There are 2 protein chains.
Amino acid sequence: MEYTFSDKISSLKPSLIREILKSAGNVIPFSAGNPSVEAFPVKEMADISAYLYSECAGPALQYGITEGYTPLRDKVKARLKTKFGIGKDMDETIIVSGGQQGIELTCKVLCNEGDTVLCEVPSFIGALNAFRSYNVNLKGVPLDDDGINLEALEKAIKENKNVRFLYVIPTFQNPTGITTSAEKRKAVYEICKKYGVFILEDNPYGELRFAGKDVLPIKALDEDGIVIYCGSFSKVFSPGLRVGFVCAPQAIVQKIVVAKQVSDVHTNVFFQMLIDRYIDTCDLDAHIARISNLYKGKCELMLSEMDKHFKGVKYTRPEGGLFLWCTLPDGCDSLDFAAKAKEAGVAVVPGIAFSVENEVCPSMRFNYSMPTEQQIVEGVKILGEVIEKYI
Amino acid sequence: MEYTFSDKISSLKPSLIREILKSAGNVIPFSAGNPSVEAFPVKEMADISAYLYSECAGPALQYGITEGYTPLRDKVKARLKTKFGIGKDMDETIIVSGGQQGIELTCKVLCNEGDTVLCEVPSFIGALNAFRSYNVNLKGVPLDDDGINLEALEKAIKENKNVRFLYVIPTFQNPTGITTSAEKRKAVYEICKKYGVFILEDNPYGELRFAGKDVLPIKALDEDGIVIYCGSFSKVFSPGLRVGFVCAPQAIVQKIVVAKQVSDVHTNVFFQMLIDRYIDTCDLDAHIARISNLYKGKCELMLSEMDKHFKGVKYTRPEGGLFLWCTLPDGCDSLDFAAKAKEAGVAVVPGIAFSVENEVCPSMRFNYSMPTEQQIVEGVKILGEVIEKYI
């Protein structure tokens with residue numbers, strides 16, 4: 001039988017990263033986007049789970065409300081306020097099934113087919129595909145070393161019709177590891193405000209800082225109710241649980257709630273209660289400091305090995321997060337390079353996987369959270385040899 | 001600030017049931033759609049959780065693949081085959097975040113805005129709102145005592161443009177408790193096949209039979225690859241976990257996978273592994289038999305009390321599931337009646353909550369899984385008094 005599908009889905013492809021990971025097999029994984037398994041607070045989770053089964057199995061296993069488990073919502077609100085200066089009276093916070101759901105539902109509630117969504121180039125493929133799945137006009141804006149290019153942003157807003165929102169990852173960006181400067185955050189906010197464009201700020205890595213000085217999220221500047229902020233427990237706790245959150249103006253959150261209700265009714269209650277109790281009885285900040293320190297060591301090791309073995313390429317030096325971005329000389333195609341690297345035993349993600357227009361790209365993403373120290377040392381040495389032959 | 005939203009979301013309202021439940025307060029709950037807390041296998045879940053933390057915390061807490069945890073998928077496939085005769089070579093099965101997600105994603109991958117979706121009237125509001133959230137042309141087809149009205153179904157297919165699929169709950173339907181006869185299932189299949197219309201078969205309650213004889217799902221008849229089957233662990237295990245599954249032709253499942261990837265990446269891994277191990281090490285069928293027996297007792301009690309206290313109304317006698325459907329005399333409005341019942345101390349859901357066109361409806365849904373036996377006895381007595389005054 002011949003099957004036909006909706007316009008919005010028929011052209012959507014599974015992510016290239018996913019395909020690379022599927023076939024990665026026994027190579028050294030610089031290609032993942034996963035936190036390290038060492039970073040999961042397994043012992044505490046086991047203890048709290050036993051407590052939940054014994055003391056509150058009924059509510060933990062029953063249907064919950066779409067907005068999320070109220071004590072956890074309250075804790076997330078308080079934490080966003082204290083740590084990031086986020087959350088005005090006009091704002092509301094809901095729990096979602098991972099940051100990805102917050103991104104997808106924001107697009108669903110704001111955009112008609114054909115409306116324009118702007119994003120950094122390169123950017124997180126999961127978000128770009130979520131936007132594509134609503135048949136929007138997705139346009140990329142180049143990313144400079146200190147954040148999105150402001151002239152290109154203003155031009156894109158002027159030249160495209162119905163620009164509804166700009167999607168950005170200002171802190172430890174995926175895939176580049178770049179952090180947008182405080183000045184540029186302010187400028188991005190002012191440009192979007194001027195043209196009535198919402199900002200969807202994705203901040204899954206923001207708490208994993210291991211160098212440099214904190215920069216407040218764009219949402220902290222939001223006096224006008226134009227920023228939708230997505231956060232997640234995936235990178236600071238465990239991604240398998242699928243628990244994230246959205247803080248946005250109440251009117252927008254109300255629509256996200258309606259959209260979430262028809263999408264998955266609610267986020268799984270047990271793990272909402274588990275995270276809530278973890279925050280109550282353990283020290284989340286100390287746990288995050290441990291993870292950041294773990295990634296600091298891995299990132300510094302990767303960079304120092306790259307300094308030793310890499311010639312003729314450039315790379316970012318992230319102050320946190322999971323990724324760095326390595327750029328071959330002009331004219332090189334990292335898709336072709338990634339195939340050679342895989343043959344040699346190291347999986348990396350070529351830049352085309354993060355592009356909007358499938359353009360040839362000399363850059364690629366390396367992840368340092370997943371590989372062991374030994375894998376980092378070996379992998380970088382191998383890549384250095386591949387680079388030497390390649391360029 | 002004035003906010004505007006996408007056409008598909010701006011007119012979508014939170015479900016009426018949800019609003020009724022929110023304000024239900026201290027009344028006897030005949031209004032819920034929840035399984036009984038007594039039905040959750042808490043002890044076994046606690047033991048298996050402890051095992052997972054101790055023996056496989058890494059994979060249980062890390063990102064998983066969108067299709068679902070492979071051993072659980074395989075078990076679901078085998079179970080569908082053995083128990084229901086479902087699953088041909090052309091079919092594939094994926095794990096989703098509750099049956100609701102299977103319903104929503106089916107609509108997303110099959111329908112453009114303006115395409116027609118048909119459903120039984122009355123029907124499950126969560127599904128109807130999921131369809132509405134994609135701006136489809138939703139048309140209702142009346143439900144007879146033995147299933148959907150066939151003449152009305154064929155007429156609706158002929159009179160509407162681009163009818164993409166028919167949504168049905170053939171077994172212990174929500175809200176009516178009606179089970180579609182085997183003959184009618186065959187006839188529905190043949191009509192849909194004739195006109196090239198897919199069937200979305202929702203079967204969350206099908207295993208909870210406590211009377212009468214099993215009837216095979218429509219999917220068991222599917223030689224032509226036109227049926228998408230949604231199932232769930234919510235009613236036989238625990239709804240808070242958000243684990244369900246879809247069995248459909250491979251081409252459709254492939255698109256659902258792509259759509260799910262941008263929606264929530266994957267269903268939470270820990271509980272997929274927990275259910276998998278439960279099936280391995282415990283007796284799921286014996287557990288389901290215990291739940292069905294529990295609901296049999298509650299349903300029989302509710303019906304016998306209704307037989308004692310109700311005069312002038314009709315009601316269904318379900319052979320399984322969670323609901324029965326009570327109909328006031330012609331001309332009555334159950335929305336008005338439900339308000340009076342709530343004043344008297346019992347919450348029921350008026351039929352308008354399950355309608356397509358918001359039409360006045362003399363019928364209402366009673367749930368017997370949630371209330372205790374004492375609440376059933378008291379609640380029915382109170383409703384009997386309200387009915388006596390009302391009609």
# chains A, B, ... in the order shown; residues from 1 in each chain; ligands from 1

call {"tool": "residues_around", "arguments": {"residues": "Glu2 in chain B", "least_positions_apart": "6", "cutoff": "12 Å", "atoms": "only C-alpha atoms", "output": "PyMOL selection string"}}
result
chain A and resi 196+224-226+249-252

call {"tool": "residues_around", "arguments": {"residues": "range 82-99 of chain A", "least_positions_apart": "6", "cutoff": "8 Å", "atoms": "only C-alpha atoms", "output": "PDB file with C-alpha atoms, in the first residue's frame"}}
result
ATOM      1  CA  GLU A  67       0.615  21.921  34.823  1.00  0.00           C
ATOM      2  CA  GLY A  68       2.835  19.607  36.854  1.00  0.00           C
ATOM      3  CA  TYR A  69       3.302  18.540  40.474  1.00  0.00           C
ATOM      4  CA  ARG A  73       6.568  23.874  40.198  1.00  0.00           C
ATOM      5  CA  VAL A  76      11.416  25.557  40.153  1.00  0.00           C
ATOM      6  CA  ASP A 202      16.619  27.430  25.601  1.00  0.00           C
ATOM      7  CA  PRO A 204      19.568  23.237  29.204  1.00  0.00           C
ATOM      8  CA  LEU A 216      22.055  36.235  33.350  1.00  0.00           C
ATOM      9  CA  PRO A 217      19.543  34.683  30.916  1.00  0.00           C
ATOM     10  CA  LYS A 219      14.537  36.107  30.420  1.00  0.00           C
ATOM     11  CA  ALA A 220      15.943  38.056  33.391  1.00  0.00           C
ATOM     12  CA  GLU A 223       9.966  43.452  31.498  1.00  0.00           C
ATOM     13  CA  GLY A 225       6.511  39.584  28.501  1.00  0.00           C
ATOM     14  CA  CYS A 230      12.880  26.511  28.637  1.00  0.00           C
ATOM     15  CA  GLY A 231      14.926  24.646  31.220  1.00  0.00           C
ATOM     16  CA  SER A 232      15.535  20.994  31.956  1.00  0.00           C
ATOM     17  CA  PHE A 233      16.602  18.526  34.617  1.00  0.00           C
ATOM     18  CA  SER A 234      18.198  16.327  31.926  1.00  0.00           C
ATOM     19  CA  PRO A 239      17.721  12.790  30.923  1.00  0.00           C
ATOM     20  CA  ARG A 242      12.092  13.447  30.779  1.00  0.00           C
ATOM     21  CA  VAL A 243      11.424  16.344  33.135  1.00  0.00           C
ATOM     22  CA  GLY A 244      11.872  19.969  32.113  1.00  0.00           C
ATOM     23  CA  PHE A 245      10.078  23.277  32.643  1.00  0.00           C
ATOM     24  CA  VAL A 246       8.902  26.420  30.896  1.00  0.00           C
ATOM     25  CA  CYS A 247       8.668  29.902  32.415  1.00  0.00           C
ATOM     26  CA  ALA A 248       6.713  32.342  30.255  1.00  0.00           C
ATOM     27  CA  PRO A 249       3.964  34.970  30.419  1.00  0.00           C
ATOM     28  CA  GLN A 250       0.802  33.455  31.905  1.00  0.00           C
ATOM     29  CA  VAL A 253       1.677  29.138  29.563  1.00  0.00           C
ATOM     30  CA  VAL A 257      -1.017  23.707  29.135  1.00  0.00           C
ATOM     31  CA  LYS A 260       0.324  19.643  26.535  1.00  0.00           C
ATOM     32  CA  HIS A 266       1.005  15.313  32.028  1.00  0.00           C
ATOM     33  CA  THR A 267       4.659  14.614  32.726  1.00  0.00           C
ATOM     34  CA  ASN A 268       5.288  11.401  34.658  1.00  0.00           C
TER      35      ASN A 268
ATOM     36  CA  ASP B 264       9.607  14.449  23.719  1.00  0.00           C
TER      37      ASP B 264
END

call {"tool": "residues_around", "arguments": {"residues": "Lys213 in chain B", "least_positions_apart": "5", "cutoff": "12 Å", "atoms": "only C-alpha atoms", "output": "PyMOL selection string"}}
result
chain B and resi 171+179+181-182+206-208+318-320

call {"tool": "closest_residue", "arguments": {"among": "B:Ser133, B:Thr176, B:Ser31, B:Gln374", "to": "chain A", "atoms": "only C-alpha atoms"}}
result
B:Ser133

call {"tool": "interface_residues", "arguments": {"of": "chain B", "to": "chain A", "cutoff": "7 Å", "atoms": "only C-alpha atoms", "output": "ChimeraX atom specification"}}
result
/B:5-7,9,13-14,34,37,42,46,50,53,57-58,60-64,97-98,100-101,104,109-112,126,129-130,238-242,258,262-264,268-270

call {"tool": "residues_around", "arguments": {"residues": "Pro170 in chain A", "least_positions_apart": "6", "cutoff": "12 Å", "atoms": "only C-alpha atoms", "output": "MDAnalysis selection string"}}
result
chainID A and resid 119:120 123:124 143:148 176:186 188:189 199:206 214:219 229:230 320:321

call {"tool": "select_by_dssp", "arguments": {"residues": "range 3-242 of chain B", "states": "strand (DSSP E)", "output": "MDAnalysis selection string"}}
result
chainID B and resid 28:29 91:96 116:121 137:144 147:148 163:168 198:202 227:232

call {"tool": "select_by_dssp", "arguments": {"residues": "range 82-311 of chain A", "states": "helix (DSSP H, G or I)", "output": "compact mmCIF listing (two decimals) with N, CA and C atoms, in the first residue's frame"}}
result
# COMPACT_ATOMS: atom_id res chain seq x y z
N THR A 82 15.80 32.95 42.34
CA THR A 82 17.00 33.15 43.15
C THR A 82 18.28 33.08 42.32
N LYS A 83 18.35 32.07 41.47
CA LYS A 83 19.61 31.85 40.75
C LYS A 83 19.76 32.71 39.51
N PHE A 84 18.64 33.01 38.85
CA PHE A 84 18.73 33.68 37.55
C PHE A 84 17.95 34.99 37.47
N GLY A 99 12.96 19.48 28.09
CA GLY A 99 13.01 20.78 27.41
C GLY A 99 12.47 20.71 25.99
N GLN A 100 12.69 19.57 25.32
CA GLN A 100 12.21 19.41 23.94
C GLN A 100 10.71 19.68 23.83
N GLN A 101 9.94 19.21 24.80
CA GLN A 101 8.49 19.44 24.73
C GLN A 101 8.15 20.92 24.88
N GLY A 102 8.90 21.62 25.72
CA GLY A 102 8.67 23.06 25.86
C GLY A 102 8.89 23.78 24.55
N ILE A 103 9.94 23.38 23.83
CA ILE A 103 10.27 23.98 22.54
C ILE A 103 9.18 23.69 21.52
N GLU A 104 8.77 22.43 21.44
CA GLU A 104 7.77 22.03 20.45
C GLU A 104 6.43 22.72 20.70
N LEU A 105 6.00 22.73 21.97
CA LEU A 105 4.68 23.30 22.26
C LEU A 105 4.68 24.81 22.08
N THR A 106 5.81 25.47 22.33
CA THR A 106 5.88 26.91 22.08
C THR A 106 5.60 27.21 20.62
N CYS A 107 6.21 26.42 19.75
CA CYS A 107 5.98 26.60 18.32
C CYS A 107 4.52 26.30 17.96
N LYS A 108 3.98 25.24 18.55
CA LYS A 108 2.59 24.87 18.23
C LYS A 108 1.60 25.97 18.63
N VAL A 109 1.82 26.59 19.78
CA VAL A 109 0.83 27.59 20.23
C VAL A 109 1.04 28.95 19.55
N LEU A 110 2.26 29.24 19.10
CA LEU A 110 2.51 30.57 18.54
C LEU A 110 2.39 30.64 17.02
N ILE A 125 19.52 20.63 16.53
CA ILE A 125 18.70 20.01 15.49
C ILE A 125 17.32 19.59 15.99
N GLY A 126 17.22 19.17 17.25
CA GLY A 126 15.93 18.74 17.81
C GLY A 126 14.92 19.88 17.80
N ALA A 127 15.40 21.08 18.07
CA ALA A 127 14.52 22.25 18.04
C ALA A 127 14.16 22.59 16.59
N LEU A 128 15.16 22.60 15.72
CA LEU A 128 14.89 22.96 14.31
C LEU A 128 13.86 22.00 13.71
N ASN A 129 14.00 20.71 13.99
CA ASN A 129 13.03 19.75 13.45
C ASN A 129 11.65 19.92 14.09
N ALA A 130 11.61 20.31 15.34
CA ALA A 130 10.30 20.58 15.97
C ALA A 130 9.60 21.72 15.23
N PHE A 131 10.36 22.77 14.90
CA PHE A 131 9.75 23.89 14.17
C PHE A 131 9.31 23.44 12.78
N ARG A 132 10.20 22.68 12.11
CA ARG A 132 9.85 22.19 10.76
C ARG A 132 8.57 21.36 10.80
N LEU A 150 23.93 40.65 15.09
CA LEU A 150 22.78 41.54 15.31
C LEU A 150 22.25 42.15 14.01
N GLU A 151 23.15 42.51 13.12
CA GLU A 151 22.70 43.10 11.84
C GLU A 151 21.90 42.07 11.05
N ALA A 152 22.43 40.85 11.02
CA ALA A 152 21.74 39.78 10.28
C ALA A 152 20.39 39.47 10.94
N LEU A 153 20.33 39.57 12.26
CA LEU A 153 19.07 39.33 12.96
C LEU A 153 18.02 40.37 12.55
N GLU A 154 18.41 41.62 12.59
CA GLU A 154 17.45 42.69 12.25
C GLU A 154 17.02 42.58 10.79
N LYS A 155 17.97 42.26 9.94
CA LYS A 155 17.66 42.09 8.51
C LYS A 155 16.67 40.94 8.32
N ALA A 156 16.90 39.82 9.01
CA ALA A 156 16.02 38.66 8.87
C ALA A 156 14.61 38.97 9.35
N ILE A 157 14.53 39.77 10.43
CA ILE A 157 13.20 40.14 10.93
C ILE A 157 12.47 41.01 9.90
N LYS A 158 13.22 41.93 9.29
CA LYS A 158 12.60 42.84 8.31
C LYS A 158 12.21 42.12 7.02
N GLU A 159 13.01 41.14 6.64
CA GLU A 159 12.82 40.54 5.30
C GLU A 159 11.85 39.37 5.28
N ALA A 182 26.70 39.48 27.73
CA ALA A 182 25.61 40.20 28.39
C ALA A 182 25.13 41.36 27.51
N GLU A 183 26.06 42.06 26.89
CA GLU A 183 25.69 43.21 26.05
C GLU A 183 24.84 42.75 24.87
N LYS A 184 25.25 41.65 24.28
CA LYS A 184 24.51 41.15 23.12
C LYS A 184 23.14 40.63 23.52
N ARG A 185 23.02 40.03 24.71
CA ARG A 185 21.70 39.59 25.18
C ARG A 185 20.74 40.77 25.24
N LYS A 186 21.24 41.86 25.81
CA LYS A 186 20.43 43.08 25.91
C LYS A 186 20.03 43.58 24.51
N ALA A 187 21.00 43.56 23.60
CA ALA A 187 20.73 44.04 22.24
C ALA A 187 19.72 43.15 21.52
N VAL A 188 19.85 41.83 21.69
CA VAL A 188 18.90 40.89 21.08
C VAL A 188 17.49 41.16 21.63
N TYR A 189 17.42 41.33 22.94
CA TYR A 189 16.12 41.62 23.57
C TYR A 189 15.51 42.90 22.98
N GLU A 190 16.30 43.94 22.85
CA GLU A 190 15.78 45.23 22.37
C GLU A 190 15.31 45.14 20.91
N ILE A 191 16.09 44.42 20.10
CA ILE A 191 15.68 44.26 18.69
C ILE A 191 14.36 43.50 18.61
N CYS A 192 14.25 42.40 19.35
CA CYS A 192 13.01 41.60 19.29
C CYS A 192 11.83 42.40 19.82
N LYS A 193 12.06 43.15 20.90
CA LYS A 193 11.00 43.99 21.46
C LYS A 193 10.53 45.02 20.43
N LYS A 194 11.49 45.64 19.77
CA LYS A 194 11.17 46.68 18.78
C LYS A 194 10.24 46.16 17.69
N TYR A 195 10.47 44.91 17.26
CA TYR A 195 9.69 44.37 16.13
C TYR A 195 8.57 43.43 16.58
N ILE A 218 18.48 35.87 29.10
CA ILE A 218 17.71 36.97 28.49
C ILE A 218 16.39 37.14 29.24
N LYS A 219 15.83 36.05 29.71
CA LYS A 219 14.54 36.11 30.42
C LYS A 219 14.62 37.03 31.64
N ALA A 220 15.80 37.18 32.23
CA ALA A 220 15.94 38.06 33.39
C ALA A 220 15.70 39.52 33.01
N LEU A 221 15.84 39.84 31.72
CA LEU A 221 15.62 41.22 31.23
C LEU A 221 14.16 41.47 30.87
N PRO A 239 18.57 12.54 32.09
CA PRO A 239 17.72 12.79 30.92
C PRO A 239 16.64 11.73 30.72
N GLY A 240 16.89 10.51 31.21
CA GLY A 240 15.92 9.43 30.99
C GLY A 240 14.57 9.70 31.63
N LEU A 241 14.54 10.58 32.65
CA LEU A 241 13.29 10.88 33.36
C LEU A 241 12.33 11.73 32.53
N GLN A 250 1.94 34.33 31.58
CA GLN A 250 0.80 33.46 31.91
C GLN A 250 -0.06 33.08 30.71
N ALA A 251 -0.36 34.04 29.85
CA ALA A 251 -1.24 33.77 28.71
C ALA A 251 -0.64 32.69 27.81
N ILE A 252 0.67 32.73 27.65
CA ILE A 252 1.34 31.74 26.81
C ILE A 252 1.36 30.38 27.52
N VAL A 253 1.65 30.40 28.81
CA VAL A 253 1.68 29.14 29.56
C VAL A 253 0.30 28.48 29.54
N GLN A 254 -0.76 29.29 29.66
CA GLN A 254 -2.11 28.70 29.62
C GLN A 254 -2.34 27.94 28.31
N LYS A 255 -1.86 28.47 27.21
CA LYS A 255 -2.03 27.78 25.92
C LYS A 255 -1.11 26.56 25.84
N ILE A 256 0.08 26.67 26.41
CA ILE A 256 0.98 25.50 26.42
C ILE A 256 0.35 24.37 27.24
N VAL A 257 -0.33 24.72 28.32
CA VAL A 257 -1.02 23.71 29.13
C VAL A 257 -2.08 22.97 28.31
N VAL A 258 -2.88 23.74 27.56
CA VAL A 258 -3.91 23.13 26.73
C VAL A 258 -3.27 22.21 25.68
N ALA A 259 -2.17 22.68 25.08
CA ALA A 259 -1.49 21.87 24.05
C ALA A 259 -0.84 20.64 24.67
N LYS A 260 -0.31 20.79 25.87
CA LYS A 260 0.32 19.64 26.54
C LYS A 260 -0.71 18.60 26.94
N GLN A 261 -1.88 19.08 27.36
CA GLN A 261 -2.94 18.15 27.76
C GLN A 261 -3.28 17.18 26.63
N VAL A 262 -3.33 17.65 25.40
CA VAL A 262 -3.65 16.76 24.29
C VAL A 262 -2.42 16.01 23.79
N SER A 263 -1.24 16.40 24.26
CA SER A 263 -0.02 15.75 23.79
C SER A 263 0.35 14.54 24.65
N ASP A 264 0.43 14.71 25.97
CA ASP A 264 0.75 13.56 26.83
C ASP A 264 0.08 13.64 28.20
N VAL A 269 4.51 11.54 36.93
CA VAL A 269 4.39 12.13 38.26
C VAL A 269 5.47 11.64 39.21
N PHE A 270 5.77 10.36 39.15
CA PHE A 270 6.73 9.76 40.07
C PHE A 270 8.05 10.54 40.08
N PHE A 271 8.58 10.82 38.88
CA PHE A 271 9.88 11.48 38.83
C PHE A 271 9.78 12.98 39.13
N GLN A 272 8.61 13.57 38.93
CA GLN A 272 8.42 14.94 39.41
C GLN A 272 8.52 14.97 40.94
N MET A 273 7.87 14.00 41.57
CA MET A 273 7.91 13.93 43.04
C MET A 273 9.32 13.59 43.51
N LEU A 274 10.01 12.74 42.76
CA LEU A 274 11.37 12.37 43.15
C LEU A 274 12.30 13.59 43.10
N ILE A 275 12.22 14.35 42.03
CA ILE A 275 13.08 15.55 41.93
C ILE A 275 12.71 16.55 43.03
N ASP A 276 11.41 16.68 43.26
CA ASP A 276 10.96 17.59 44.32
C ASP A 276 11.57 17.21 45.66
N ARG A 277 11.53 15.93 45.98
CA ARG A 277 12.07 15.49 47.27
C ARG A 277 13.59 15.57 47.30
N TYR A 278 14.21 15.35 46.15
CA TYR A 278 15.66 15.50 46.08
C TYR A 278 16.05 16.95 46.44
N ILE A 279 15.33 17.90 45.87
CA ILE A 279 15.64 19.30 46.16
C ILE A 279 15.41 19.60 47.65
N ASP A 280 14.38 18.96 48.21
CA ASP A 280 14.07 19.15 49.64
C ASP A 280 15.12 18.55 50.56
N THR A 281 15.58 17.35 50.24
CA THR A 281 16.36 16.60 51.23
C THR A 281 17.84 16.47 50.87
N LEU A 284 21.04 20.06 45.73
CA LEU A 284 21.11 20.08 44.27
C LEU A 284 22.29 20.93 43.79
N ASP A 285 22.51 22.07 44.44
CA ASP A 285 23.60 22.95 44.00
C ASP A 285 24.96 22.27 44.15
N ALA A 286 25.13 21.54 45.26
CA ALA A 286 26.40 20.83 45.45
C ALA A 286 26.55 19.74 44.40
N HIS A 287 25.44 19.07 44.08
CA HIS A 287 25.47 18.04 43.03
C HIS A 287 25.87 18.64 41.69
N ILE A 288 25.27 19.78 41.35
CA ILE A 288 25.59 20.45 40.08
C ILE A 288 27.06 20.89 40.07
N ALA A 289 27.55 21.34 41.21
CA ALA A 289 28.96 21.74 41.28
C ALA A 289 29.87 20.54 41.01
N ARG A 290 29.48 19.37 41.52
CA ARG A 290 30.26 18.15 41.26
C ARG A 290 30.28 17.82 39.76
N ILE A 291 29.10 17.88 39.13
CA ILE A 291 29.02 17.58 37.69
C ILE A 291 29.87 18.58 36.90
N SER A 292 29.73 19.86 37.23
CA SER A 292 30.46 20.89 36.49
C SER A 292 31.96 20.63 36.60
N ASN A 293 32.37 20.23 37.78
CA ASN A 293 33.79 19.96 38.00
C ASN A 293 34.25 18.75 37.17
N LEU A 294 33.39 17.74 37.11
CA LEU A 294 33.68 16.57 36.27
C LEU A 294 33.87 16.98 34.81
N TYR A 295 32.97 17.82 34.31
CA TYR A 295 33.05 18.25 32.91
C TYR A 295 34.20 19.22 32.68
N LYS A 296 34.52 20.00 33.70
CA LYS A 296 35.67 20.91 33.60
C LYS A 296 36.94 20.09 33.31
N GLY A 297 37.11 19.03 34.09
CA GLY A 297 38.29 18.18 33.90
C GLY A 297 38.33 17.58 32.51
N LYS A 298 37.17 17.09 32.05
CA LYS A 298 37.13 16.44 30.73
C LYS A 298 37.36 17.46 29.61
N CYS A 299 36.75 18.62 29.76
CA CYS A 299 36.90 19.66 28.73
C CYS A 299 38.34 20.14 28.66
N GLU A 300 38.94 20.39 29.84
CA GLU A 300 40.33 20.86 29.86
C GLU A 300 41.27 19.81 29.26
N LEU A 301 40.98 18.54 29.56
CA LEU A 301 41.80 17.47 29.01
C LEU A 301 41.68 17.45 27.48
N MET A 302 40.44 17.52 27.00
CA MET A 302 40.23 17.49 25.54
C MET A 302 40.96 18.65 24.88
N LEU A 303 40.83 19.85 25.46
CA LEU A 303 41.46 21.03 24.86
C LEU A 303 42.98 20.92 24.90
N SER A 304 43.53 20.44 26.01
CA SER A 304 45.00 20.38 26.09
C SER A 304 45.54 19.32 25.12
N GLU A 305 44.78 18.22 24.95
CA GLU A 305 45.20 17.21 23.96
C GLU A 305 45.06 17.76 22.54
N MET A 306 44.01 18.53 22.31
CA MET A 306 43.83 19.14 20.98
C MET A 306 44.98 20.12 20.71
N ASP A 307 45.34 20.90 21.74
CA ASP A 307 46.46 21.85 21.57
C ASP A 307 47.73 21.10 21.15
N LYS A 308 47.90 19.89 21.71
CA LYS A 308 49.08 19.08 21.40
C LYS A 308 49.03 18.51 19.98
N HIS A 309 47.86 17.96 19.60
CA HIS A 309 47.81 17.12 18.40
C HIS A 309 47.20 17.78 17.16

call {"tool": "residues_around", "arguments": {"residues": "range 342-357 of chain B", "least_positions_apart": "2", "cutoff": "9 Å", "atoms": "only C-alpha atoms", "output": "PyMOL selection string"}}
result
chain B and resi 15-17+20-21+24+26-32+119+121-125+128+138-140+174-175+325+333-340+359-367+379-380+382-383+386

call {"tool": "atom_distance", "arguments": {"atom1": "CA of Leu72 in chain A", "atom2": "CA of Ile48 in chain B"}}
result
25.1 Å

call {"tool": "atom_distance", "arguments": {"atom1": "CA of Gly384 in chain A", "atom2": "CA of Gln173 in chain A"}}
result
24.4 Å
